[in-house]
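Take a look at the structure set out below.
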Amino acid sequence: MGYIESPWIQHCGGTESVAERTKYMSRLGQRVAKPTSIGGQALIEGVMMKGPKEMAIAVRNPENEIIIKKEPVEGFVTKYKLNKIPFLRGGLALIDSMITGVRSLNYAADIAMPEEETDKEPGRFEAFLGKIFGEKLGDIMIYFSVFVALIMSVGIFILGPTLLTGVLKNFIKNIVVLNLMEGVLRLVLFVVYIAVISRMEDIRRVFQYHGAEHKTIYCYENGEELTVENVRKYTTLHPRCGTSFLFIVMMVSMVIFSLIEWSDPITRMLTRLALLPVVAGISYEIIRIAGRSQSALMSIVSYPGMMMQKLTTLEPDDSQIEVAIEALKGVLVENEDDARW
């Protein structure tokens, strides 16, 4: 993993002040007076854009055509208006977005990498599941995938550092130091994971589409026509991003978990699990404010997470920008009047 020097350090030559840093952050994030509530996700050879009422998926197929799919937003958070309840909506929105994301990824994979039709009969287990669940089998598999992803994420990034740090409890008696070490270990694991997968060629293309998604949204937020030339000049770093959200989760968990005393391993892990909805709820509210605010405080809060995006976003080529533009246009057709915060 190569060393990535912060552009802030490059900009000011190692000297900084709050005023200079805030000024630089404003330019780095290219924040605007009219932020949008539209968000997106990079897919396999495509981009998904999601507005308040509609979502659109744009994918480039092997024939170099851009296929557009539009559908209403029907997640349980929106359906039951749970997105109106502060703090509660954070954890629920995360699960809802994961379900939408997995479904979008599956669709993009089918378009970008279509499998050859064969007469091969399904296996016994697949046929058994199909007989039981029928047409709902696809949705059940998506929910199962999200469940497994959540279990693995919690195990590796939440419980793992807790157990590893607990080994040092007999040597380090200071609770504050132990909690700090746990938080730092959690953050290091996350950064290493992102750095490792970013070296995979397929993941690098997804990260390029991630950059195209951010640049396109910035272009729209600045009121410019959605053209490749206009989109290209914007940054790939955006304060309202999943990477920034996960970084804030790490920081918030470090603070919240530090309030809990170190007990036996089982109790310690159970308290971490019980506090996860609280951590997600607080983190979600912070990222919402960061996406709308241009204050000095929120610029400083957003800065570390945006630097993390230098690992998860890459400069896209023109063809990838074209896909992101088509996805955003697909949402704006129905949501142009109500897509603002």
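For the structure tokens, the naming scheme is as follows: chains receive sequential letters (A, B, ...) according to their order of presentation, residues are indexed from 1 within each chain, and ligands are indexed from 1 in presentation order.
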Find the spatial neighbours of range 240-242 of chain A, counting only C-alpha atoms, within a cut-off of 8 Å - ignore same-chain residues fewer than 6 positions away - and output them as a PyMOL selection string. chain A and resi 287-288+290-291
Just-selected residues, N, CA, C and O atoms written as a compact mmCIF listing (two decimals), in the first residue's frame:
```
# COMPACT_ATOMS: atom_id res chain seq x y z
N ILE A 287 -23.92 13.13 9.13
CA ILE A 287 -23.66 13.14 7.70
C ILE A 287 -24.72 13.95 6.97
O ILE A 287 -24.45 14.59 5.94
N ARG A 288 -25.95 13.97 7.47
CA ARG A 288 -27.00 14.80 6.86
C ARG A 288 -26.68 16.27 7.00
O ARG A 288 -26.82 17.05 6.06
N ALA A 290 -23.70 17.54 7.50
CA ALA A 290 -22.49 17.82 6.72
C ALA A 290 -22.81 18.01 5.24
O ALA A 290 -22.15 18.80 4.55
N GLY A 291 -23.81 17.29 4.74
CA GLY A 291 -24.18 17.41 3.34
C GLY A 291 -24.86 18.72 3.01
O GLY A 291 -24.89 19.13 1.85
```
Please give the complete set of residues from range 61-92 of chain A that DSSP, run on the backbone, assigns to strand (DSSP E), formatted as JSON, numbers by chain. {"A": [66, 67, 68, 69, 70, 71, 72]}
Selected residues written out with all heavy atoms, as a compact mmCIF listing (two decimals), in the first residue's frame:
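Final output, saved to selection-v8.txt:
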```
# COMPACT_ATOMS: atom_id res chain seq x y z
N ILE A 66 -26.10 2.05 -23.23
CA ILE A 66 -26.45 2.37 -21.85
C ILE A 66 -27.91 1.99 -21.62
O ILE A 66 -28.81 2.56 -22.24
CB ILE A 66 -26.23 3.86 -21.55
CG1 ILE A 66 -24.76 4.24 -21.75
CG2 ILE A 66 -26.65 4.18 -20.10
CD1 ILE A 66 -24.47 5.72 -21.53
N ILE A 67 -28.11 1.02 -20.77
CA ILE A 67 -29.46 0.54 -20.45
C ILE A 67 -29.96 1.26 -19.19
O ILE A 67 -29.26 1.30 -18.18
CB ILE A 67 -29.46 -0.99 -20.22
CG1 ILE A 67 -28.80 -1.70 -21.40
CG2 ILE A 67 -30.87 -1.49 -19.98
CD1 ILE A 67 -29.48 -1.46 -22.73
N ILE A 68 -31.16 1.82 -19.28
CA ILE A 68 -31.74 2.58 -18.16
C ILE A 68 -32.92 1.82 -17.57
O ILE A 68 -33.79 1.32 -18.29
CB ILE A 68 -32.23 3.97 -18.61
CG1 ILE A 68 -31.14 4.71 -19.39
CG2 ILE A 68 -32.68 4.79 -17.41
CD1 ILE A 68 -29.94 5.08 -18.56
N LYS A 69 -32.93 1.73 -16.26
CA LYS A 69 -34.07 1.13 -15.55
C LYS A 69 -34.53 2.11 -14.48
O LYS A 69 -33.73 2.58 -13.67
CB LYS A 69 -33.69 -0.20 -14.91
CG LYS A 69 -34.80 -0.84 -14.10
CD LYS A 69 -34.32 -2.10 -13.38
CE LYS A 69 -35.41 -2.72 -12.54
NZ LYS A 69 -34.93 -3.91 -11.79
N LYS A 70 -35.82 2.41 -14.48
CA LYS A 70 -36.37 3.32 -13.48
C LYS A 70 -37.47 2.61 -12.69
O LYS A 70 -38.22 1.79 -13.24
CB LYS A 70 -36.95 4.57 -14.15
CG LYS A 70 -35.94 5.46 -14.81
CD LYS A 70 -36.60 6.59 -15.57
CE LYS A 70 -37.49 7.42 -14.68
NZ LYS A 70 -38.15 8.54 -15.37
N GLU A 71 -37.55 2.94 -11.42
CA GLU A 71 -38.60 2.37 -10.58
C GLU A 71 -38.83 3.28 -9.38
O GLU A 71 -37.95 4.06 -8.99
CB GLU A 71 -38.23 0.97 -10.12
CG GLU A 71 -36.95 0.88 -9.33
CD GLU A 71 -36.56 -0.56 -9.00
OE1 GLU A 71 -36.64 -1.42 -9.91
OE2 GLU A 71 -36.20 -0.81 -7.84
N PRO A 72 -40.02 3.23 -8.79
CA PRO A 72 -40.27 4.06 -7.61
C PRO A 72 -39.49 3.57 -6.40
O PRO A 72 -39.15 2.40 -6.30
CB PRO A 72 -41.79 3.90 -7.39
CG PRO A 72 -42.12 2.58 -8.03
CD PRO A 72 -41.20 2.44 -9.20
```
Per-residue nearest contacts of range 220-267 of chain A to range 149-162 of chain A (12 Å; only C-alpha atoms) as a tab-separated table:
```
residue	atom	partner	partner_atom	distance
A:Leu246	CA	A:Phe157	CA	10.7
A:Phe247	CA	A:Phe157	CA	11.7
A:Val249	CA	A:Ile158	CA	10.5
A:Met250	CA	A:Phe157	CA	9.1
A:Ser253	CA	A:Ile158	CA	9.0
A:Met254	CA	A:Ile158	CA	10.5
A:Phe257	CA	A:Thr162	CA	10.0
A:Ser258	CA	A:Thr162	CA	11.6
A:Trp262	CA	A:Thr162	CA	9.8
A:Ser263	CA	A:Thr162	CA	11.2
A:Asp264	CA	A:Thr162	CA	11.0
A:Pro265	CA	A:Thr162	CA	8.1
A:Ile266	CA	A:Leu159	CA	10.1
A:Thr267	CA	A:Thr162	CA	11.0
```
Would you kindly return, as a ChimeraX atom specification, each protein, DNA or RNA residue with an atom no farther than 6 Å from any atom of range 318-325 of chain A, considering only C-alpha atoms and excluding same-chain residues fewer than 5 positions away? /A:47,58,212-213
Got time to write the residues from that selection, N, CA, C and O atoms, as a short mmCIF file (atom, residue, chain, number, x, y, z; two decimals), in the first residue's frame?
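That gives us result.cif:
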```
data_model
loop_
_atom_site.label_atom_id
_atom_site.label_comp_id
_atom_site.auth_asym_id
_atom_site.auth_seq_id
_atom_site.Cartn_x
_atom_site.Cartn_y
_atom_site.Cartn_z
N VAL A 47 -24.19 2.98 -12.63
CA VAL A 47 -24.44 3.86 -11.49
C VAL A 47 -25.93 3.82 -11.17
O VAL A 47 -26.78 3.81 -12.08
N ALA A 58 -28.38 3.04 -14.43
CA ALA A 58 -27.83 3.10 -15.78
C ALA A 58 -26.63 2.16 -15.84
O ALA A 58 -25.71 2.27 -15.03
N ALA A 212 -17.46 9.10 -10.73
CA ALA A 212 -18.37 9.69 -11.71
C ALA A 212 -19.70 10.09 -11.07
O ALA A 212 -20.28 11.13 -11.39
N GLU A 213 -20.17 9.26 -10.15
CA GLU A 213 -21.42 9.57 -9.42
C GLU A 213 -21.29 10.89 -8.66
O GLU A 213 -22.15 11.77 -8.76
#
```
Pick from A:Glu182, A:Glu285, A:Met308, A:Ser97: nearest to Lys84 in chain A, with only C-alpha atoms counted? A:Glu285
Tyr220 in chain A environment, 9 Å, only C-alpha atoms, sequence neighbours closer than 5 positions dropped, as a list of chain:residue names: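 Residues meeting the cut-off are A:Pro35, A:Thr36, A:Lys215, A:Glu225, A:Leu226, A:Val231, A:Leu328.
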Separation of CA of Arg204 in chain A from CA of Tyr218 in chain A, in Å and rounded to one decimal: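 CA of Tyr218 in chain A lies 21.2 Å from CA of Arg204 in chain A.
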From the set A:Ile85, A:Leu189, A:Ile256, A:Val177, which residue has the shortest atom-to-atom contact distance to Leu276 in chain A, counting only C-alpha atoms?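 Of the candidates, the smallest distance to Leu276 in chain A is held by A:Ile256.
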Determine the nearest neighbour of Leu94 in chain A from the options A:Asn222, A:Gln294, A:Ser283, A:Ser198, counting only C-alpha atoms.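 Using only C-alpha atoms, the shortest distance to Leu94 in chain A belongs to A:Ser283.
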How far is it from CA of Pro114 in chain A to CA of Met200 in chain A, in Å with one decimal?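 CA of Met200 in chain A lies 21.3 Å from CA of Pro114 in chain A.
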Given the choices A:Arg89, A:Arg268, A:Lys310, A:Lys81, which gets closest to Leu237 in chain A if the distance is worked out from only C-alpha atoms? A:Lys310
Could you pull out all residues of range 41-252 of chain A with a DSSP call of helix (DSSP H, G or I) and give them as a PyMOL selection string? chain A and resi 76-79+82-84+88-112+124-170+175-197+201-221+228-232+242-252
Might you pull out every residue within 7 Å of Ala108 in chain A, with only C-alpha atoms counted and same-chain residues fewer than 4 positions away left off, and present them as an MDAnalysis selection string? chainID A and resid 43:44 46 59 104 112
Could you pull the residues within 10 Å of Thr312 in chain A, counting only C-alpha atoms, minus those fewer than 6 positions along the same chain, as a list in words?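 So the residues in contact are Ile194, Ala195, Ile197, Ser198, Ile203, Arg204, Val206, Phe207, Gln208, His210, Gly211, Thr236, Leu237, Gly242, Thr243 and Met306 of chain A.
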Let's have the selection written as a CSV table (one decimal), in the first residue's frame, with all heavy atoms.
```csv
chain,number,residue,atom,x,y,z
A,194,ILE,N,-10.0,-1.3,2.9
A,194,ILE,CA,-10.3,-0.5,1.7
A,194,ILE,C,-9.1,-0.4,0.8
A,194,ILE,O,-9.2,-0.5,-0.5
A,194,ILE,CB,-10.7,1.0,2.1
A,194,ILE,CG1,-12.0,1.0,2.8
A,194,ILE,CG2,-10.8,1.9,0.9
A,194,ILE,CD1,-13.2,0.5,2.0
A,195,ALA,N,-7.9,-0.2,1.4
A,195,ALA,CA,-6.7,-0.1,0.6
A,195,ALA,C,-6.4,-1.4,-0.2
A,195,ALA,O,-5.9,-1.4,-1.3
A,195,ALA,CB,-5.5,0.2,1.5
A,197,ILE,N,-8.7,-3.9,-1.2
A,197,ILE,CA,-9.6,-4.2,-2.2
A,197,ILE,C,-9.5,-3.1,-3.4
A,197,ILE,O,-9.8,-3.4,-4.5
A,197,ILE,CB,-11.1,-4.2,-1.7
A,197,ILE,CG1,-11.5,-2.8,-1.3
A,197,ILE,CG2,-11.2,-5.2,-0.6
A,197,ILE,CD1,-13.0,-2.7,-1.0
A,198,SER,N,-9.0,-1.9,-3.1
A,198,SER,CA,-8.8,-0.9,-4.1
A,198,SER,C,-7.8,-1.3,-5.2
A,198,SER,O,-7.7,-0.7,-6.2
A,198,SER,CB,-8.4,0.4,-3.5
A,198,SER,OG,-7.1,0.4,-2.9
A,203,ILE,N,-12.6,-3.8,-8.8
A,203,ILE,CA,-13.0,-2.9,-7.8
A,203,ILE,C,-12.6,-1.5,-8.2
A,203,ILE,O,-13.3,-0.5,-8.0
A,203,ILE,CB,-12.4,-3.2,-6.4
A,203,ILE,CG1,-13.0,-4.6,-5.9
A,203,ILE,CG2,-12.7,-2.1,-5.4
A,203,ILE,CD1,-14.4,-4.6,-5.7
A,204,ARG,N,-11.4,-1.3,-8.8
A,204,ARG,CA,-11.0,0.0,-9.3
A,204,ARG,C,-12.0,0.6,-10.3
A,204,ARG,O,-12.2,1.8,-10.3
A,204,ARG,CB,-9.6,-0.1,-9.9
A,204,ARG,CG,-8.5,-0.4,-8.9
A,204,ARG,CD,-7.1,-0.4,-9.6
A,204,ARG,NE,-6.8,0.9,-10.2
A,204,ARG,CZ,-6.3,1.9,-9.5
A,204,ARG,NH1,-6.0,1.7,-8.2
A,204,ARG,NH2,-6.0,3.1,-10.0
A,206,VAL,N,-15.2,0.0,-10.3
A,206,VAL,CA,-16.4,0.4,-9.5
A,206,VAL,C,-16.0,1.7,-8.8
A,206,VAL,O,-16.9,2.6,-8.8
A,206,VAL,CB,-16.7,-0.7,-8.5
A,206,VAL,CG1,-17.8,-0.2,-7.5
A,206,VAL,CG2,-17.2,-1.9,-9.2
A,207,PHE,N,-14.8,1.9,-8.3
A,207,PHE,CA,-14.4,3.1,-7.7
A,207,PHE,C,-14.4,4.3,-8.7
A,207,PHE,O,-14.6,5.5,-8.3
A,207,PHE,CB,-13.1,3.0,-7.0
A,207,PHE,CG,-13.1,2.2,-5.7
A,207,PHE,CD1,-11.9,1.9,-5.1
A,207,PHE,CD2,-14.3,1.7,-5.2
A,207,PHE,CE1,-11.9,1.1,-3.9
A,207,PHE,CE2,-14.3,1.0,-4.0
A,207,PHE,CZ,-13.2,0.7,-3.4
A,208,GLN,N,-14.1,4.0,-10.0
A,208,GLN,CA,-14.2,5.1,-11.0
A,208,GLN,C,-15.6,5.5,-11.2
A,208,GLN,O,-15.9,6.7,-11.3
A,208,GLN,CB,-13.6,4.6,-12.3
A,208,GLN,CG,-12.1,4.5,-12.3
A,208,GLN,CD,-11.5,4.0,-13.6
A,208,GLN,OE1,-11.7,2.8,-14.0
A,208,GLN,NE2,-10.9,4.9,-14.4
A,210,HIS,N,-17.8,5.3,-8.9
A,210,HIS,CA,-18.1,6.1,-7.7
A,210,HIS,C,-17.7,7.5,-7.9
A,210,HIS,O,-18.4,8.5,-7.5
A,210,HIS,CB,-17.4,5.4,-6.5
A,210,HIS,CG,-17.8,5.9,-5.2
A,210,HIS,ND1,-17.1,5.6,-4.0
A,210,HIS,CD2,-18.8,6.7,-4.8
A,210,HIS,CE1,-17.7,6.2,-3.0
A,210,HIS,NE2,-18.7,6.9,-3.4
A,211,GLY,N,-16.5,7.8,-8.4
A,211,GLY,CA,-16.1,9.1,-8.7
A,211,GLY,C,-17.0,9.8,-9.7
A,211,GLY,O,-17.3,11.0,-9.5
A,236,THR,N,-14.1,14.4,-7.1
A,236,THR,CA,-14.7,13.1,-6.8
A,236,THR,C,-15.1,13.0,-5.3
A,236,THR,O,-15.6,12.0,-4.9
A,236,THR,CB,-13.8,11.9,-7.1
A,236,THR,OG1,-12.6,12.0,-6.3
A,236,THR,CG2,-13.4,12.0,-8.6
A,237,LEU,N,-14.7,14.0,-4.5
A,237,LEU,CA,-14.9,13.9,-3.0
A,237,LEU,C,-16.2,14.6,-2.6
A,237,LEU,O,-16.4,15.8,-3.0
A,237,LEU,CB,-13.7,14.5,-2.3
A,237,LEU,CG,-12.3,14.0,-2.8
A,237,LEU,CD1,-11.3,14.7,-1.9
A,237,LEU,CD2,-12.2,12.5,-2.7
A,242,GLY,N,-21.1,7.4,1.4
A,242,GLY,CA,-21.1,6.2,2.3
A,242,GLY,C,-19.7,6.0,3.0
A,242,GLY,O,-19.7,5.6,4.1
A,243,THR,N,-18.7,6.4,2.3
A,243,THR,CA,-17.3,6.3,2.9
A,243,THR,C,-17.2,7.2,4.1
A,243,THR,O,-16.7,6.8,5.2
A,243,THR,CB,-16.2,6.6,1.9
A,243,THR,OG1,-16.4,5.7,0.7
A,243,THR,CG2,-14.8,6.4,2.5
A,306,MET,N,-13.7,12.7,3.9
A,306,MET,CA,-13.5,13.0,2.5
A,306,MET,C,-12.1,12.6,2.1
A,306,MET,O,-11.9,12.2,0.9
A,306,MET,CB,-13.7,14.5,2.3
A,306,MET,CG,-15.1,14.9,2.5
A,306,MET,SD,-15.4,16.7,2.1
A,306,MET,CE,-15.3,16.7,0.4
```
